[in-house]
Amino acid sequence: MARKITIRYPESLTLANLPTPVERLAPLEEFPFLPKIYIKRDDQTGCALSGNKVRKLEFCLAEAKRDGANTIITCGGVQSNHARATAVAAARLGFGSLLVLRGDEPEESDGNIFLNRLVGAEIQFITEEEWDRVDEIMANVADEIAPSGRRAYIVPEGASFPPGVFGYIRAVQEIAEAEEKLGIQFDSIVIPVGSGGTYAGLAFGTTIYGLKARIMGINVLETPEYFKDRIARLSEDFIREYEGALEPTGGLQPLDVEKIEIAGGYEGPAYAVPSPEVLDLIRLFARRRGILLDPTYTGKAMFGLIGEAEKGRWGREVNVLFIQTGGIYSLFPWREELGHDND
C-alpha cells in the first residue's frame with residue numbers, strides 16, 4: 001500500500017522482537033455478535049521486555065544514549081508494565097534506573113515490583129495526591145542525583161512523549177504488511193489507553209502508511225475527554241518537534257480532538273483494579289484461548305471491545321485488530337481472585 005507521507009525515523013535501538021504476529025481469534029460462543037477479531041501479539045515483543053512500551057523505548061533510550069545519560073528516571077503505578085520494561089531495558093543497556101511509582105509500597109515484592117528490584121531499579125513510592133506533580137518530582141530527583149555524577153534522562157508516564165510516538169508509527173508498517181499477507185483490511189484498531197502515546201502513534205501511522213482503519217481507544221482510567229485532550233496535545237508536540245522528519249513538510253497535521261475515538265465506561269473501579277466482569281473475561285480467554293489478558297490494560301480493553309460490539313458498533317463480517325499490549329506480570333498480584341471460578 002503506497003504511503004501518503006514519507007517519514008525519516010530518528011536513530012533507534014533494537015530491543016523488541018519484531019515484527020510481532022497477527023493472529024485470528026477463534027469465535028467464542030459466549031459472544032456471537034463479535035466481528036472478526038485479529039490480535040497483534042505485542043505481548044511477544046520479548047520476555048521481561050514484553051509489551052507495547054518496548055517499541056517506544058527503542059527511540060527514547062537511543063536519545064538518552066545520544067545525550068550521554070547514565071540513569072533513566074520514569075514513573076507509573078505500583079505494577080506499571082512501562083516502569084518494569086524501562087528498568088529491564090536500562091539494565092540491558094548499562095543504565096541505572098530510578099522509578100517513581102504511585103501507591104503504597106507493597107508488603108510483598110510481586111509481579112512487576114519483583115522484576116524491578118531484581119534488575120536493580122531504585123524505587124520511590126509517592127501518594128495519589130503527589131502524582132499530580134509527578135513530572136516535577138522526577139525533575140527534582142534528577143537534580144538531586146546530579147552532584148554524584150548521575151546524568152538523568154526522564155521518560156514520562158508510558159513513554160508518551162514525542163520520541164515515544166515513533167514506536168507505534170513504525171508498528172503500523174507491520175500492520176500494513178499483515179493486511180497484505182492476510183488479504184484483508186482492518187476497519188478498526190482497538191487499544192487500551194492509559195497515557196495516549198500508543199494511540200497517537202497508531203493514528204499518525206495509519207495516515208503515513210495509508211491504512212483505512214480507524215483507531216478506537218478504551219480508557220483504563222480517567223475519562224474519554226481527558227484522553228482526547230491529552231492525545232491532541234501530544235500530537236501537537238510531536239509535529240512541533242519532528243516536522244523536519246516528515247515529507248512533504250506540513251503533510252501530517254496534529255490530531256483533531258473531535259476525531260479521536262475513545263469508548264468510555266469500561267475502566268472499572270479504579271486504575272489497575274478490574275471489575276468482576278473483567279476478571280471473568282481474563283479467566284475465560286486464558287482457559288478457552290490461551291491468551292493472557294491483564295487486569296490493568298488489555299482485560300479492560302477487550303471488555304470494551306466486546307461491549308462496543310454488543311452495542312452494534314461493528315457487524316459480524318467486519319475485521320477488527322486488537323493490540324495485545326502485554327502486561328502478563330501484573331496478573332500475579334491477582335492470582336487469588338483469578339485462580340478459582342467465581343461463585
# chains A, B, ... in the order shown; residues from 1 in each chain; ligands from 1
call {"tool": "residues_around", "arguments": {"residues": "segment 281-284 of chain A", "least_positions_apart": "4", "cutoff": "10 Å", "atoms": "only C-alpha atoms", "output": "MDAnalysis selection string"}}
result
chainID A and resid 28 30 274:277 288:295 298:300 302:303 331 337:341
call {"tool": "write_last_selection", "arguments": {"atoms": "C-alpha atoms", "output": "mmCIF file, in the first residue's frame"}}
result
data_model
loop_
_atom_site.group_PDB
_atom_site.id
_atom_site.type_symbol
_atom_site.label_atom_id
_atom_site.label_comp_id
_atom_site.auth_asym_id
_atom_site.auth_seq_id
_atom_site.Cartn_x
_atom_site.Cartn_y
_atom_site.Cartn_z
ATOM 1 C CA LEU A 28 -16.314 -17.557 21.161
ATOM 2 C CA GLU A 30 -20.419 -16.624 24.541
ATOM 3 C CA PRO A 274 -10.536 -4.724 37.385
ATOM 4 C CA SER A 275 -14.260 -5.259 37.789
ATOM 5 C CA PRO A 276 -15.540 -8.801 38.475
ATOM 6 C CA GLU A 277 -16.665 -8.940 34.826
ATOM 7 C CA ARG A 288 -10.559 -21.078 26.269
ATOM 8 C CA ARG A 289 -7.935 -19.461 24.026
ATOM 9 C CA GLY A 290 -4.651 -19.480 25.948
ATOM 10 C CA ILE A 291 -4.485 -15.678 25.686
ATOM 11 C CA LEU A 292 -3.363 -13.864 28.817
ATOM 12 C CA LEU A 293 -5.107 -10.537 29.183
ATOM 13 C CA ASP A 294 -4.028 -8.346 32.094
ATOM 14 C CA PRO A 295 -6.150 -6.644 34.780
ATOM 15 C CA THR A 298 -5.881 -5.464 27.941
ATOM 16 C CA GLY A 299 -8.575 -7.060 30.097
ATOM 17 C CA LYS A 300 -10.453 -3.764 30.269
ATOM 18 C CA MET A 302 -11.149 -6.422 25.441
ATOM 19 C CA PHE A 303 -14.132 -5.935 27.750
ATOM 20 C CA LEU A 331 -1.559 -10.802 36.730
ATOM 21 C CA GLU A 337 -9.011 -13.821 42.538
ATOM 22 C CA LEU A 338 -8.152 -15.434 39.201
ATOM 23 C CA GLY A 339 -7.149 -18.848 40.446
ATOM 24 C CA HIS A 340 -10.689 -20.072 41.003
ATOM 25 C CA ASP A 341 -14.125 -19.622 39.482
#
call {"tool": "select_by_dssp", "arguments": {"residues": "segment 56-182 of chain A", "states": "strand (DSSP E)", "output": "list in words"}}
result
Thr71, Ile72, Ile73, Thr74, Cys75, Gly76, Gly77, Gly96, Ser97, Leu98, Leu99, Val100, Leu101, Arg102, Glu122, Ile123, Gln124, Phe125, Ile126, Ala152, Tyr153, Ile154 and Val155 of chain A
call {"tool": "write_last_selection", "arguments": {"atoms": "N, CA and C atoms", "output": "JSON list (two decimals), in the first residue's frame"}}
result
[["chain", "number", "residue", "atom", "x", "y", "z"],
["A", 71, "THR", "N", 21.53, 7.36, 33.75],
["A", 71, "THR", "CA", 20.43, 6.95, 34.63],
["A", 71, "THR", "C", 19.11, 7.31, 33.96],
["A", 72, "ILE", "N", 18.19, 6.35, 33.96],
["A", 72, "ILE", "CA", 16.87, 6.58, 33.39],
["A", 72, "ILE", "C", 15.87, 6.71, 34.54],
["A", 73, "ILE", "N", 15.10, 7.80, 34.52],
["A", 73, "ILE", "CA", 14.05, 8.02, 35.51],
["A", 73, "ILE", "C", 12.71, 7.93, 34.80],
["A", 74, "THR", "N", 11.79, 7.17, 35.36],
["A", 74, "THR", "CA", 10.44, 7.13, 34.81],
["A", 74, "THR", "C", 9.44, 6.89, 35.93],
["A", 75, "CYS", "N", 8.17, 6.77, 35.56],
["A", 75, "CYS", "CA", 7.12, 6.70, 36.58],
["A", 75, "CYS", "C", 5.99, 5.79, 36.13],
["A", 76, "GLY", "N", 5.09, 5.49, 37.05],
["A", 76, "GLY", "CA", 3.93, 4.67, 36.75],
["A", 76, "GLY", "C", 3.26, 4.21, 38.02],
["A", 77, "GLY", "N", 2.27, 3.34, 37.87],
["A", 77, "GLY", "CA", 1.62, 2.74, 39.02],
["A", 77, "GLY", "C", 2.53, 1.69, 39.66],
["A", 96, "GLY", "N", 21.63, 2.98, 34.87],
["A", 96, "GLY", "CA", 20.92, 2.80, 36.12],
["A", 96, "GLY", "C", 19.47, 3.22, 35.91],
["A", 97, "SER", "N", 18.58, 2.84, 36.82],
["A", 97, "SER", "CA", 17.19, 3.25, 36.69],
["A", 97, "SER", "C", 16.61, 3.63, 38.04],
["A", 98, "LEU", "N", 15.72, 4.60, 38.00],
["A", 98, "LEU", "CA", 15.04, 5.07, 39.21],
["A", 98, "LEU", "C", 13.57, 5.24, 38.85],
["A", 99, "LEU", "N", 12.70, 4.57, 39.58],
["A", 99, "LEU", "CA", 11.28, 4.54, 39.28],
["A", 99, "LEU", "C", 10.50, 5.28, 40.36],
["A", 100, "VAL", "N", 9.62, 6.17, 39.93],
["A", 100, "VAL", "CA", 8.72, 6.88, 40.83],
["A", 100, "VAL", "C", 7.34, 6.26, 40.63],
["A", 101, "LEU", "N", 6.88, 5.52, 41.63],
["A", 101, "LEU", "CA", 5.66, 4.72, 41.48],
["A", 101, "LEU", "C", 4.54, 5.24, 42.38],
["A", 102, "ARG", "N", 3.35, 5.30, 41.81],
["A", 102, "ARG", "CA", 2.17, 5.81, 42.51],
["A", 102, "ARG", "C", 1.51, 4.71, 43.33],
["A", 122, "GLU", "N", 16.09, 1.48, 41.51],
["A", 122, "GLU", "CA", 15.74, 2.19, 42.73],
["A", 122, "GLU", "C", 14.26, 2.60, 42.61],
["A", 123, "ILE", "N", 13.54, 2.52, 43.71],
["A", 123, "ILE", "CA", 12.11, 2.81, 43.65],
["A", 123, "ILE", "C", 11.75, 3.83, 44.72],
["A", 124, "GLN", "N", 11.01, 4.84, 44.31],
["A", 124, "GLN", "CA", 10.45, 5.83, 45.23],
["A", 124, "GLN", "C", 8.94, 5.78, 45.09],
["A", 125, "PHE", "N", 8.25, 5.53, 46.19],
["A", 125, "PHE", "CA", 6.79, 5.46, 46.17],
["A", 125, "PHE", "C", 6.21, 6.82, 46.55],
["A", 126, "ILE", "N", 5.17, 7.24, 45.81],
["A", 126, "ILE", "CA", 4.53, 8.52, 46.11],
["A", 126, "ILE", "C", 3.02, 8.29, 46.25],
["A", 152, "ALA", "N", 20.75, 12.21, 34.32],
["A", 152, "ALA", "CA", 19.45, 11.55, 34.15],
["A", 152, "ALA", "C", 18.80, 11.91, 32.82],
["A", 153, "TYR", "N", 18.07, 10.92, 32.30],
["A", 153, "TYR", "CA", 17.16, 11.12, 31.17],
["A", 153, "TYR", "C", 15.79, 10.71, 31.68],
["A", 154, "ILE", "N", 14.82, 11.62, 31.58],
["A", 154, "ILE", "CA", 13.49, 11.38, 32.13],
["A", 154, "ILE", "C", 12.55, 10.90, 31.03],
["A", 155, "VAL", "N", 11.91, 9.76, 31.27],
["A", 155, "VAL", "CA", 10.89, 9.22, 30.37],
["A", 155, "VAL", "C", 9.55, 9.43, 31.05]]
call {"tool": "residues_around", "arguments": {"residues": "Asp237 of chain A", "least_positions_apart": "4", "cutoff": "9 Å", "atoms": "only C-alpha atoms", "output": "PyMOL selection string"}}
result
chain A and resi 161-162+232-233+241-242+254
call {"tool": "closest_atom_pairs", "arguments": {"of": "segment 140-192 of chain A", "to": "segment 43-63 of chain A", "cutoff": "9 Å", "atoms": "only C-alpha atoms", "output": "Markdown table"}}
result
| residue | atom | partner | partner_atom | distance |
| --- | --- | --- | --- | --- |
| A:Tyr153 | CA | A:Leu61 | CA | 8.5 |
| A:Val155 | CA | A:Cys60 | CA | 7.3 |
| A:Gly158 | CA | A:Lys53 | CA | 6.8 |
| A:Ala159 | CA | A:Lys56 | CA | 6.3 |
| A:Ser160 | CA | A:Lys56 | CA | 8.1 |
| A:Pro162 | CA | A:Cys60 | CA | 9.0 |
| A:Pro163 | CA | A:Cys60 | CA | 5.6 |
| A:Gly164 | CA | A:Lys56 | CA | 4.2 |
| A:Val165 | CA | A:Lys56 | CA | 6.6 |
| A:Phe166 | CA | A:Lys56 | CA | 6.7 |
| A:Gly167 | CA | A:Lys56 | CA | 4.4 |
| A:Tyr168 | CA | A:Arg55 | CA | 6.9 |
| A:Arg170 | CA | A:Arg55 | CA | 8.5 |
| A:Ala171 | CA | A:Arg55 | CA | 8.0 |
call {"tool": "residues_around", "arguments": {"residues": "segment 188-202 of chain A", "least_positions_apart": "3", "cutoff": "6 Å", "atoms": "only C-alpha atoms", "output": "ChimeraX atom specification"}}
result
/A:158,160,165,168-169,205,213-220,231,297,301,320-323
call {"tool": "atom_distance", "arguments": {"atom1": "atom CA of Asn70 of chain A", "atom2": "atom CA of Phe95 of chain A"}}
result
5.0 Å
